[in-house]
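S.K.: Handing you this structure, nothing more for now.
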Amino acid sequence: MSFVIEPCRLSHLREMNRAMREADRLEITGLGFCPRHVLFACWRESPYRMAATLDGEIAAVWGDAGSALDPVGQAWLFTAPPVMRLPVEFFRKTKEQVRGRLTMRHMLRSHVAEDYVAALRFFRLLGFTIAPPEMFRGVPMCEIRITR
């Protein structure tokens, strides 16, 4: 198996838009947004953006949005079904990526839908703290954050 992490290109976003896991898609659409628009907005606003492929198939895209000079980065991550073929390897690589970003930022933060239990568990295992949910656009969202 070939697991490759590389800078995220527009072609990766187009693939992710087609292949995104249903739970990721539901989180976006539940807030009233279009997945394609969210993907491109996150990519455009991120000085750091990466993609993972598994045997040539898109598995994940992620980044860190916000000014390069801001000590707080807005983390984002979207996944596709191939990510589940190597869950331990993906977790290990994600942990490395988070550690790397924390050398550049004091904190990474984001929000995850309260009912996206698998994502909350994943981020908790990475070391993020999970805040109680607050309503955003009619959806209970939990802030997640990790600091150096």
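We label chains A, B, ... in the order they appear in the structure tokens, count residues from 1 in each chain, and number ligands from 1 in the order shown.
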So that I can check the secondary structure, give me every residue of chain A assigned alpha helix (DSSP H) by backbone DSSP, as a VMD selection string.

M.R.: chain A and resid 10 to 19 22 to 30 35 to 44 87 to 101 117 to 126

S.K.: Find the residues of segment 27-94 of chain A that sit at most 12 Å from segment 130-147 of chain A; for each, write down the nearest two atoms and how far apart they are in Å, to one decimal. Count only C-alpha atoms. Sort by chain, then by number going up, and give it as a tab-separated table.

M.R.:
residue	atom	partner	partner_atom	distance
A:Glu27	CA	A:Val139	CA	9.1
A:Ile28	CA	A:Val139	CA	10.5
A:Thr29	CA	A:Val139	CA	10.7
A:Gly30	CA	A:Val139	CA	7.2
A:Leu31	CA	A:Arg137	CA	5.9
A:Gly32	CA	A:Arg137	CA	7.8
A:Phe33	CA	A:Arg137	CA	10.3
A:Pro71	CA	A:Thr147	CA	10.1
A:Val72	CA	A:Thr147	CA	9.0
A:Gly73	CA	A:Arg145	CA	9.7
A:Gln74	CA	A:Arg145	CA	9.3
A:Ala75	CA	A:Arg145	CA	8.9
A:Trp76	CA	A:Ile144	CA	10.9

S.K.: Run DSSP on the backbone and tell me which residues of chain A come out as strand (DSSP E or B); list them as a ChimeraX atom specification.

M.R.: /A:3-7,48-54,57-65,72-79,107-113,129-130,134-136,139-147

S.K.: Residues near Arg99 of chain A, anyone? I mean within 12 Å using only C-alpha atoms, not counting same-chain ones fewer than 4 positions away, as a PyMOL selection string.

M.R.: chain A and resi 92-95+103-108+126-128+146-148

S.K.: For Phe3 of chain A, which residue among A:Pro87, A:Phe40, A:Ser46, A:Pro35 is the nearest when counting only C-alpha atoms?

M.R.: A:Pro87

S.K.: Which residue, A:Val112, A:Ala68, A:Trp43, A:Leu102, has the smallest gap to Arg9 of chain A when you use only C-alpha atoms?

M.R.: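 Of A:Val112, A:Ala68, A:Trp43, A:Leu102, the one nearest Arg9 of chain A, counting only C-alpha atoms, is A:Trp43.
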